[in-house]
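One file, my_file_13.tsv, is given below (TSV, C-alpha atoms and all ligand atoms).
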```tsv
chain	number	residue	atom	x	y	z
A	1	MET	CA	0.00	0.00	0.00
A	2	ALA	CA	1.36	3.39	-0.94
A	3	VAL	CA	2.18	6.09	1.55
A	4	ILE	CA	0.51	9.23	0.19
A	5	ILE	CA	2.51	12.42	0.71
A	6	ALA	CA	1.16	15.89	-0.08
A	7	VAL	CA	3.97	18.28	-0.96
A	8	ALA	CA	2.42	21.53	0.16
A	9	ASN	CA	3.10	25.14	0.98
A	10	GLN	CA	0.65	27.86	-0.04
A	11	LYS	CA	3.60	30.18	-0.58
A	12	GLY	CA	4.58	30.25	-4.25
A	13	GLY	CA	7.95	29.31	-5.68
A	14	VAL	CA	9.38	27.49	-2.66
A	15	GLY	CA	10.37	24.33	-4.54
A	16	LYS	CA	7.26	22.13	-4.25
A	17	SER	CA	7.24	20.93	-7.87
A	18	THR	CA	11.03	20.68	-7.96
A	19	THR	CA	10.92	18.51	-4.85
A	20	VAL	CA	8.15	16.26	-6.21
A	21	VAL	CA	10.02	15.63	-9.47
A	22	ASN	CA	13.45	15.05	-7.96
A	23	PHE	CA	12.31	13.15	-4.88
A	24	ALA	CA	10.21	10.86	-7.11
A	25	ALA	CA	13.15	10.20	-9.43
A	26	CYS	CA	15.44	9.36	-6.49
A	27	LEU	CA	12.82	7.06	-4.91
A	28	GLY	CA	12.37	5.37	-8.29
A	29	GLN	CA	16.08	4.71	-8.53
A	30	LYS	CA	15.91	3.11	-5.10
A	31	ASN	CA	13.43	0.62	-6.59
A	32	LYS	CA	10.34	2.24	-5.08
A	33	LYS	CA	7.28	2.48	-7.28
A	34	VAL	CA	6.16	6.10	-7.36
A	35	LEU	CA	3.12	7.94	-8.69
A	36	CYS	CA	3.23	11.74	-8.88
A	37	VAL	CA	-0.06	13.59	-9.14
A	38	ASP	CA	0.24	17.10	-10.58
A	39	MET	CA	-2.49	19.08	-8.80
A	40	ASP	CA	-1.46	22.49	-10.14
A	41	ALA	CA	-2.90	24.09	-13.29
A	42	GLN	CA	0.58	25.47	-14.00
A	43	GLY	CA	1.57	21.85	-14.77
A	44	ASN	CA	5.19	22.38	-13.75
A	45	THR	CA	5.64	18.80	-12.58
A	46	THR	CA	4.16	17.54	-15.85
A	47	SER	CA	6.57	19.53	-18.02
A	48	SER	CA	9.54	18.83	-15.72
A	49	PHE	CA	9.13	15.14	-16.63
A	50	GLY	CA	9.32	16.07	-20.30
A	51	ILE	CA	5.62	15.52	-20.95
A	52	LYS	CA	4.04	17.86	-23.48
A	53	LYS	CA	0.78	19.25	-22.14
A	54	LYS	CA	-0.74	19.21	-25.64
A	55	SER	CA	-0.36	15.42	-25.71
A	56	VAL	CA	-2.27	14.94	-22.45
A	57	GLU	CA	-5.67	13.28	-22.92
A	58	VAL	CA	-6.82	12.64	-19.36
A	59	SER	CA	-5.57	14.86	-16.55
A	60	THR	CA	-6.05	15.68	-12.88
A	61	TYR	CA	-9.05	17.83	-13.86
A	62	GLU	CA	-11.11	14.87	-15.09
A	63	VAL	CA	-9.91	12.77	-12.15
A	64	LEU	CA	-10.90	15.35	-9.50
A	65	LEU	CA	-14.32	15.92	-11.01
A	66	GLY	CA	-14.92	12.17	-11.32
A	67	LEU	CA	-15.29	12.34	-15.12
A	68	ARG	CA	-12.59	9.66	-15.59
A	69	ARG	CA	-10.91	7.01	-13.44
A	70	ILE	CA	-7.43	7.87	-12.20
A	71	GLN	CA	-6.12	4.70	-13.89
A	72	ASP	CA	-6.99	6.26	-17.26
A	73	ALA	CA	-4.88	9.34	-16.50
A	74	VAL	CA	-1.66	7.61	-15.43
A	75	ILE	CA	1.31	8.04	-17.79
A	76	LYS	CA	4.56	6.10	-17.37
A	77	THR	CA	7.45	8.59	-17.49
A	78	GLU	CA	10.78	7.65	-19.08
A	79	PHE	CA	12.35	7.63	-15.60
A	80	LYS	CA	12.72	4.42	-13.63
A	81	ASN	CA	9.62	3.46	-11.59
A	82	VAL	CA	7.99	6.89	-11.92
A	83	SER	CA	4.45	7.42	-13.22
A	84	LEU	CA	2.46	10.63	-13.42
A	85	VAL	CA	-1.08	11.94	-13.44
A	86	PRO	CA	-0.52	15.08	-15.51
A	87	ALA	CA	-2.13	18.51	-15.15
A	88	THR	CA	-2.94	21.12	-17.77
A	89	SER	CA	-4.45	24.59	-17.56
A	90	SER	CA	-7.93	22.97	-17.58
A	91	LEU	CA	-7.41	22.37	-13.86
A	92	ALA	CA	-7.82	26.09	-13.20
A	93	ALA	CA	-11.60	25.67	-13.48
A	94	ALA	CA	-11.77	22.81	-11.00
A	95	ASP	CA	-11.74	24.92	-7.85
A	96	ILE	CA	-15.06	26.52	-8.82
A	97	GLU	CA	-16.61	23.40	-10.32
A	98	LEU	CA	-15.76	21.31	-7.26
A	99	ILE	CA	-18.03	23.48	-5.11
A	100	GLU	CA	-21.02	21.92	-6.85
A	101	VAL	CA	-20.11	18.26	-6.37
A	102	ASP	CA	-20.72	15.96	-3.40
A	103	ASN	CA	-17.80	15.30	-1.09
A	104	MET	CA	-15.89	18.14	-2.70
A	105	GLN	CA	-12.93	17.81	-0.34
A	106	LYS	CA	-12.58	14.06	-0.81
A	107	ARG	CA	-12.57	13.58	-4.57
A	108	MET	CA	-8.83	12.88	-4.80
A	109	LYS	CA	-8.96	10.58	-1.79
A	110	MET	CA	-11.72	8.48	-3.39
A	111	GLN	CA	-9.72	8.12	-6.61
A	112	LEU	CA	-6.42	7.32	-4.87
A	113	LEU	CA	-8.05	4.53	-2.83
A	114	THR	CA	-8.49	2.60	-6.08
A	115	ILE	CA	-4.82	2.83	-7.04
A	116	LYS	CA	-2.99	2.95	-3.70
A	117	LYS	CA	-2.10	-0.74	-3.80
A	118	ASP	CA	-0.06	-0.36	-6.99
A	119	TYR	CA	2.64	2.00	-5.59
A	120	ASP	CA	5.04	2.46	-2.69
A	121	TYR	CA	4.74	6.24	-2.65
A	122	ILE	CA	2.25	8.70	-4.12
A	123	LEU	CA	3.41	12.34	-4.20
A	124	LEU	CA	0.82	15.09	-4.60
A	125	ASP	CA	2.17	18.37	-6.00
A	126	CYS	CA	-0.02	21.13	-4.55
A	127	PRO	CA	-0.61	24.58	-6.06
A	128	PRO	CA	0.37	27.72	-4.12
A	129	SER	CA	-2.99	28.31	-2.40
A	130	LEU	CA	-5.20	26.86	0.31
A	131	SER	CA	-8.18	26.36	-1.99
A	132	LEU	CA	-10.23	23.20	-2.58
A	133	ILE	CA	-7.51	21.54	-4.68
A	134	PRO	CA	-4.83	21.53	-1.96
A	135	ILE	CA	-7.54	20.72	0.58
A	136	ASN	CA	-8.27	17.63	-1.55
A	137	ALA	CA	-4.58	16.75	-1.27
A	138	LEU	CA	-4.59	17.23	2.52
A	139	CYS	CA	-7.72	15.06	2.86
A	140	ALA	CA	-6.17	12.30	0.72
A	141	CYS	CA	-2.70	12.16	2.21
A	142	ASP	CA	-1.06	10.29	5.05
A	143	THR	CA	1.56	12.99	5.60
A	144	VAL	CA	2.57	16.46	4.43
A	145	LEU	CA	6.07	17.31	3.25
A	146	ILE	CA	6.67	21.05	3.50
A	147	PRO	CA	9.39	22.56	1.32
A	148	MET	CA	10.31	26.03	2.51
A	149	THR	CA	12.85	28.75	1.78
A	150	CYS	CA	14.72	30.73	4.41
A	151	GLU	CA	12.91	34.01	3.85
A	152	TYR	CA	11.27	36.35	6.31
A	153	PHE	CA	7.72	35.59	5.13
A	154	SER	CA	8.27	31.84	5.20
A	155	MET	CA	7.47	31.63	8.91
A	156	GLU	CA	4.07	33.31	8.42
A	157	GLY	CA	3.29	30.91	5.62
A	158	LEU	CA	4.29	27.96	7.74
A	159	SER	CA	1.94	28.93	10.59
A	160	GLN	CA	-0.96	29.27	8.13
A	161	LEU	CA	-0.24	25.88	6.65
A	162	ILE	CA	0.04	24.20	10.05
A	163	GLU	CA	-3.34	25.74	10.97
A	164	SER	CA	-4.91	24.35	7.77
A	165	ILE	CA	-3.49	20.91	8.53
A	166	ARG	CA	-4.96	21.15	12.04
A	167	LEU	CA	-8.40	21.99	10.64
A	168	VAL	CA	-8.26	19.18	8.09
A	169	LYS	CA	-7.23	16.80	10.87
A	170	GLN	CA	-10.19	17.87	12.99
A	171	ARG	CA	-12.79	17.66	10.23
A	172	HIS	CA	-11.68	15.24	7.54
A	173	ASN	CA	-8.45	13.34	8.06
A	174	PRO	CA	-7.78	12.44	11.72
A	175	THR	CA	-4.54	10.57	11.00
A	176	ILE	CA	-2.80	13.26	8.91
A	177	ASP	CA	0.72	14.02	10.10
A	178	VAL	CA	3.58	16.29	9.07
A	179	GLU	CA	6.29	14.22	7.36
A	180	GLY	CA	8.82	16.99	7.75
A	181	ILE	CA	10.08	20.38	6.67
A	182	LEU	CA	12.68	20.55	3.91
A	183	PHE	CA	14.72	23.70	3.35
A	184	THR	CA	15.16	24.44	-0.33
A	185	MET	CA	17.28	26.95	-2.27
A	186	TYR	CA	19.44	27.05	0.83
A	187	ASP	CA	22.26	29.58	0.98
A	188	SER	CA	24.33	29.35	4.14
A	189	ARG	CA	26.09	32.66	3.33
A	190	LEU	CA	22.94	34.64	4.22
A	191	ASN	CA	22.40	35.67	7.85
A	192	LEU	CA	18.67	35.36	7.47
A	193	THR	CA	19.09	31.67	6.64
A	194	ALA	CA	20.43	30.82	10.09
A	195	GLN	CA	17.71	32.93	11.78
A	196	VAL	CA	14.88	31.20	9.94
A	197	VAL	CA	16.37	27.73	10.49
A	198	ASN	CA	16.71	28.39	14.23
A	199	GLU	CA	13.17	29.67	14.46
A	200	VAL	CA	11.73	26.61	12.69
A	201	LYS	CA	13.88	24.32	14.84
A	202	LYS	CA	12.45	25.95	17.96
A	203	TYR	CA	8.83	25.27	16.95
A	204	PHE	CA	9.27	21.95	15.13
A	205	PRO	CA	12.34	20.31	16.65
A	206	ASN	CA	11.58	16.83	15.32
A	207	LYS	CA	10.20	17.81	11.97
A	208	LEU	CA	13.20	19.34	10.27
A	209	PHE	CA	15.13	17.22	7.78
A	210	ASN	CA	18.89	17.46	8.37
A	211	THR	CA	19.47	17.48	4.63
A	212	VAL	CA	18.99	20.86	2.96
A	213	ILE	CA	18.70	21.47	-0.76
A	214	PRO	CA	21.18	24.15	-1.84
A	215	ARG	CA	20.49	26.75	-4.47
A	216	ASN	CA	21.94	25.03	-7.52
A	217	VAL	CA	21.78	26.08	-11.13
A	218	ARG	CA	21.56	22.46	-12.38
A	219	ILE	CA	18.31	22.01	-10.47
A	220	SER	CA	16.79	25.01	-12.23
A	221	GLU	CA	18.10	23.99	-15.66
A	222	ALA	CA	16.91	20.37	-15.54
A	223	PRO	CA	13.16	21.07	-16.20
A	224	SER	CA	13.92	22.73	-19.53
A	225	PHE	CA	15.47	19.41	-20.62
A	226	GLY	CA	12.42	17.56	-19.26
A	227	LYS	CA	14.54	15.64	-16.77
A	228	PRO	CA	14.94	15.28	-13.01
A	229	VAL	CA	18.36	16.56	-11.95
A	230	ILE	CA	19.77	13.07	-11.20
A	231	TYR	CA	19.24	12.26	-14.89
A	232	TYR	CA	20.42	15.66	-16.12
A	233	ASP	CA	23.64	15.99	-14.11
A	234	LYS	CA	24.13	13.20	-11.60
A	235	SER	CA	27.30	14.63	-10.11
A	236	SER	CA	25.86	18.11	-9.42
A	237	LYS	CA	25.38	19.39	-5.89
A	238	GLY	CA	21.64	19.51	-6.54
A	239	ALA	CA	21.45	15.85	-7.54
A	240	GLU	CA	23.53	14.84	-4.54
A	241	ALA	CA	21.27	16.84	-2.22
A	242	TYR	CA	18.05	15.22	-3.46
A	243	GLU	CA	19.70	11.79	-3.18
A	244	ALA	CA	20.79	12.56	0.37
A	245	PHE	CA	17.30	13.80	1.24
A	246	THR	CA	15.76	10.61	-0.16
A	247	ALA	CA	18.18	8.47	1.85
A	248	GLU	CA	17.35	10.42	5.02
A	249	PHE	CA	13.62	10.12	4.32
A	250	LEU	CA	13.85	6.33	3.83
A	251	LYS	CA	15.97	5.94	6.95
A	252	ARG	CA	13.49	7.91	9.05
A	253	ARG	CA	10.58	5.89	7.66
A	254	LYS	CA	12.36	2.62	8.46
A	255	ALA	CA	13.11	3.75	12.02
A	256	ALA	CA	9.49	4.83	12.53
A	257	GLU	CA	8.20	1.48	11.22
A	258	LYS	CA	10.47	-0.39	13.65
A	259	GLN	CA	9.20	1.74	16.51
A	260	ASN	CA	5.58	1.11	15.55
A	261	LYS	CA	6.17	-2.63	15.40
A	262	ALA	CA	7.81	-2.62	18.82
A	263	LYS	CA	4.75	-0.90	20.36
B	1	LIG	N1	17.42	24.22	-5.17
B	1	LIG	C1	17.18	25.05	-6.18
B	1	LIG	N2	18.16	25.76	-6.76
B	1	LIG	C2	17.90	26.62	-7.78
B	1	LIG	N3	16.69	26.84	-8.27
B	1	LIG	C3	15.65	26.17	-7.74
B	1	LIG	C4	15.83	25.24	-6.67
B	1	LIG	N4	14.61	24.73	-6.34
B	1	LIG	C5	13.72	25.31	-7.16
B	1	LIG	N5	14.33	26.17	-8.01
B	1	LIG	C6	13.70	27.02	-9.02
B	1	LIG	O1	12.83	27.92	-8.35
B	1	LIG	C7	11.63	28.11	-9.07
B	1	LIG	C8	10.43	27.70	-8.21
B	1	LIG	O2	10.50	26.31	-7.93
B	1	LIG	P1	9.22	25.39	-8.00
B	1	LIG	O3	8.47	25.62	-9.27
B	1	LIG	O4	9.63	24.01	-7.68
B	1	LIG	O5	8.40	25.99	-6.78
B	1	LIG	P2	6.87	25.73	-6.42
B	1	LIG	O6	6.77	25.87	-4.93
B	1	LIG	O7	6.40	24.48	-7.02
B	1	LIG	O8	6.18	26.97	-7.14
B	1	LIG	P3	4.59	27.21	-7.29
B	1	LIG	O9	4.15	27.65	-5.94
B	1	LIG	O10	4.48	28.27	-8.34
B	1	LIG	O11	3.99	25.90	-7.69
B	1	LIG	C9	11.77	27.27	-10.33
B	1	LIG	O12	12.22	28.09	-11.37
B	1	LIG	C10	12.82	26.23	-9.97
B	1	LIG	O13	13.55	25.78	-11.10
B	2	MG	MG	4.72	24.13	-8.26
```
Full structure transcribed into structure tokens:
Amino acid sequence: MAVIIAVANQKGGVGKSTTVVNFAACLGQKNKKVLCVDMDAQGNTTSSFGIKKKSVEVSTYEVLLGLRRIQDAVIKTEFKNVSLVPATSSLAAADIELIEVDNMQKRMKMQLLTIKKDYDYILLDCPPSLSLIPINALCACDTVLIPMTCEYFSMEGLSQLIESIRLVKQRHNPTIDVEGILFTMYDSRLNLTAQVVNEVKKYFPNKLFNTVIPRNVRISEAPSFGKPVIYYDKSSKGAEAYEAFTAEFLKRRKAAEKQNKAK
């Protein structure tokens, strides 16, 4: 059964899509079967995997509105063990159309239940908002992975997101948990970086991943070649960082499983 992870932060441009694409590729190389679901009308995850939006026949839009089964939307990418439910600009209408359907917060959850058994991990790439689409992701997921940058406004964004997770937990998804916080576009030369890291550590001591993703030009170039960075330039600092993050994630998961078994 897959673990479903929503990659969320309502703040824009913090590395959500970049993390989904590169984390998925690294998990795939570790022989994990991964499904990415692009839940953003921008379709950045879709194009980062080299998939042309014009060629997409069934997308997250049809899946969310229940017009098609999720199985019909899945595309195998050219990267080992990684599949994708693509998004196109059609998804922009879904937020308004969802208001008129039953169980509007649980449409993605219902679809994922039918496919969960086929994967080890399902990664949901959320758009930069707290509208019905990301709420669908929060209702469907087991945990939330929060990419964040070390900027002044990041802390405000983080509190808002934690509050939304709390509300979703209360009303729709009692077992939701925070997987962890991942610092992206990290630059240790900036004073603000250390301040933000310390602040987050104070409030979420156990939730911070030790691995940080540095600002790296290879990471930002890779999408224009339609490739995750480990396929674009395996020896780059960016590729190494996403590999290290994946190793840390898998190690933490293993340790948590052991603990749960011992209980
Ligand atoms: N570690 C990094 N180093 C350099 N550039 C990066 C890094 N991570 C992300 N970027 C670049 O920063 C920009 C924003 O990243 P990305 O699209 O992943 O953020 P996002 O949170 O998904 O944005 P949105 O909220 O719009 O969906 C992109 O141009 C991406 O290539
Ligand atoms: Mg994005």
Residue contacts of range 21-37 of chain A (8 Å, all atoms listed in the file) excluding same-chain residues fewer than 5 positions away, as a list in words: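 Those residues are Thr45, Ser48, Phe49, Thr60, Phe79, Lys80, Asn81, Val82, Ser83, Leu84, Val85, Pro86, Asp118, Tyr119, Asp120, Tyr121, Ile122, Leu123, Leu124, Asp125, Pro228, Val229, Ile230, Tyr242, Glu243, Phe245 and Thr246 of chain A.
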Nearest-residue call for ligand LIG 1 (chain B), choices A:Gly180, A:Pro147, A:Gly12, A:Gly50, using all atoms listed in the file: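 So, comparing all the options, the nearest one is A:Gly12.
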For Ala93 in chain A: contacts at 10 Å, only C-alpha atoms, fewer than 5 positions along chain excluded, given as a VMD selection string: chain A and resid 41 61 98
Writer output for current selection, C-alpha atoms, as a PDB file, in the coordinates of the input:
```pdb
ATOM      1  CA  ALA A  41      -2.900  24.090 -13.290  1.00  0.00           C
ATOM      2  CA  TYR A  61      -9.050  17.830 -13.860  1.00  0.00           C
ATOM      3  CA  LEU A  98     -15.760  21.310  -7.260  1.00  0.00           C
TER       4      LEU A  98
END
```
Contacts of Ser236 in chain A within 12 Å, all atoms listed in the file, excl. fewer than 3 positions in-chain, as a PyMOL selection string: chain A and resi 213-222+228-233+239-243
Output file for the residues above (C-alpha atoms, as a compact mmCIF listing (two decimals), in the frame of the given file):
```txt
# COMPACT_ATOMS: atom_id res chain seq x y z
CA ILE A 213 18.70 21.47 -0.76
CA PRO A 214 21.18 24.15 -1.84
CA ARG A 215 20.49 26.75 -4.47
CA ASN A 216 21.94 25.03 -7.52
CA VAL A 217 21.78 26.08 -11.13
CA ARG A 218 21.56 22.46 -12.38
CA ILE A 219 18.31 22.01 -10.47
CA SER A 220 16.79 25.01 -12.23
CA GLU A 221 18.10 23.99 -15.66
CA ALA A 222 16.91 20.37 -15.54
CA PRO A 228 14.94 15.28 -13.01
CA VAL A 229 18.36 16.56 -11.95
CA ILE A 230 19.77 13.07 -11.20
CA TYR A 231 19.24 12.26 -14.89
CA TYR A 232 20.42 15.66 -16.12
CA ASP A 233 23.64 15.99 -14.11
CA ALA A 239 21.45 15.85 -7.54
CA GLU A 240 23.53 14.84 -4.54
CA ALA A 241 21.27 16.84 -2.22
CA TYR A 242 18.05 15.22 -3.46
CA GLU A 243 19.70 11.79 -3.18
```
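Among the candidate residues A:Gln105, A:Gln160, A:Ser129, A:Ser188, the one lying nearest to ligand LIG 1 (chain B) is A:Ser129, with distances computed using all atoms listed in the file.
Of the listed residues A:Lys117, A:Lys54, A:Lys106, A:Arg252, the one whose atoms come nearest to Pro134 in chain A is A:Lys106, with distances taken using all atoms listed in the file.
Remark: for Leu67 in chain A, the closest of the candidate residues A:Asn198, A:Thr175, A:Gln111, A:Ser154 is A:Gln111 (distances computed over only C-alpha atoms).
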CA of Ala87 in chain A to CA of Arg166 in chain A, distance in Å rounded to a single decimal: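 Atom-to-atom, CA of Ala87 in chain A and CA of Arg166 in chain A are spaced 27.5 Å apart.
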Selected residue, from A:Pro205, A:Gly15, A:Pro128, A:Gly66, that lies nearest to Gly157 in chain A when counting only C-alpha atoms: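 Closest candidate: A:Pro128.
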Within 6 Å of ligand MG 2 (chain B), counting all atoms listed in the file, residues as a PDB file with C-alpha atoms, in the coordinates of the input:
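Output below, filename out12.pdb:
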```pdb
ATOM      1  CA  LYS A  16       7.260  22.130  -4.250  1.00  0.00           C
ATOM      2  CA  SER A  17       7.240  20.930  -7.870  1.00  0.00           C
ATOM      3  CA  ASN A  44       5.190  22.380 -13.750  1.00  0.00           C
ATOM      4  CA  PRO A 127      -0.610  24.580  -6.060  1.00  0.00           C
TER       5      PRO A 127
END
```
From A:Cys141, A:Glu179, A:Ile51, A:Leu112, residue lying nearest Ala256 in chain A [all atoms listed in the file]: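 Of all the options, A:Glu179 lies closest to Ala256 in chain A.
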Near-Leu161 in chain A list (10 Å; all atoms listed in the file; drop same-chain fewer than 2 positions) as a ChimeraX atom specification: /A:8-11,129-130,146,155-159,163-167
d(CA of Ile133 in chain A, CA of Ile96 in chain A) in Å: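 One can read the CA of Ile133 in chain A to CA of Ile96 in chain A distance as 9.9 Å.
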Considering all atoms listed in the file, return as a PDB file with C-alpha atoms, in the frame of the given file whatever protein or nucleic-acid residues lie within 12 Å of Glu57 in chain A, sequence-local ones (same chain, fewer than 5 positions apart) excluded.
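Result file part-v1.pdb:
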```
ATOM      1  CA  ILE A  51       5.620  15.520 -20.950  1.00  0.00           C
ATOM      2  CA  LYS A  52       4.040  17.860 -23.480  1.00  0.00           C
ATOM      3  CA  GLU A  62     -11.110  14.870 -15.090  1.00  0.00           C
ATOM      4  CA  VAL A  63      -9.910  12.770 -12.150  1.00  0.00           C
ATOM      5  CA  ARG A  68     -12.590   9.660 -15.590  1.00  0.00           C
ATOM      6  CA  ASP A  72      -6.990   6.260 -17.260  1.00  0.00           C
ATOM      7  CA  ALA A  73      -4.880   9.340 -16.500  1.00  0.00           C
ATOM      8  CA  VAL A  74      -1.660   7.610 -15.430  1.00  0.00           C
ATOM      9  CA  ILE A  75       1.310   8.040 -17.790  1.00  0.00           C
ATOM     10  CA  VAL A  85      -1.080  11.940 -13.440  1.00  0.00           C
ATOM     11  CA  PRO A  86      -0.520  15.080 -15.510  1.00  0.00           C
ATOM     12  CA  ALA A  87      -2.130  18.510 -15.150  1.00  0.00           C
ATOM     13  CA  THR A  88      -2.940  21.120 -17.770  1.00  0.00           C
ATOM     14  CA  SER A  90      -7.930  22.970 -17.580  1.00  0.00           C
TER      15      SER A  90
END
```
Calculate, to one decimal in Å, the centre and edge lengths of the box along x, y and z of the file that holds all listed atoms of range 91-110 of chain A with 6 Å of margin on each side, and present them as JSON.
```
{"center_x": -14.2, "center_y": 17.5, "center_z": -7.1, "size_x": 25.6, "size_y": 30.0, "size_z": 25.5}
```
Point-to-point distance in Å for CA of Cys126 in chain A and CA of Ala255 in chain A: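 Result for CA of Ala255 in chain A versus CA of Cys126 in chain A: 27.4 Å, one decimal.
The list of residues within 10 Å of (16.3, 18.2, 8.7), counted using all atoms listed in the file, is Gly180, Ile181, Leu182, Phe183, Val197, Lys201, Pro205, Asn206, Lys207, Leu208, Phe209, Asn210, Thr211, Val212, Phe245, Glu248 and Phe249 of chain A.
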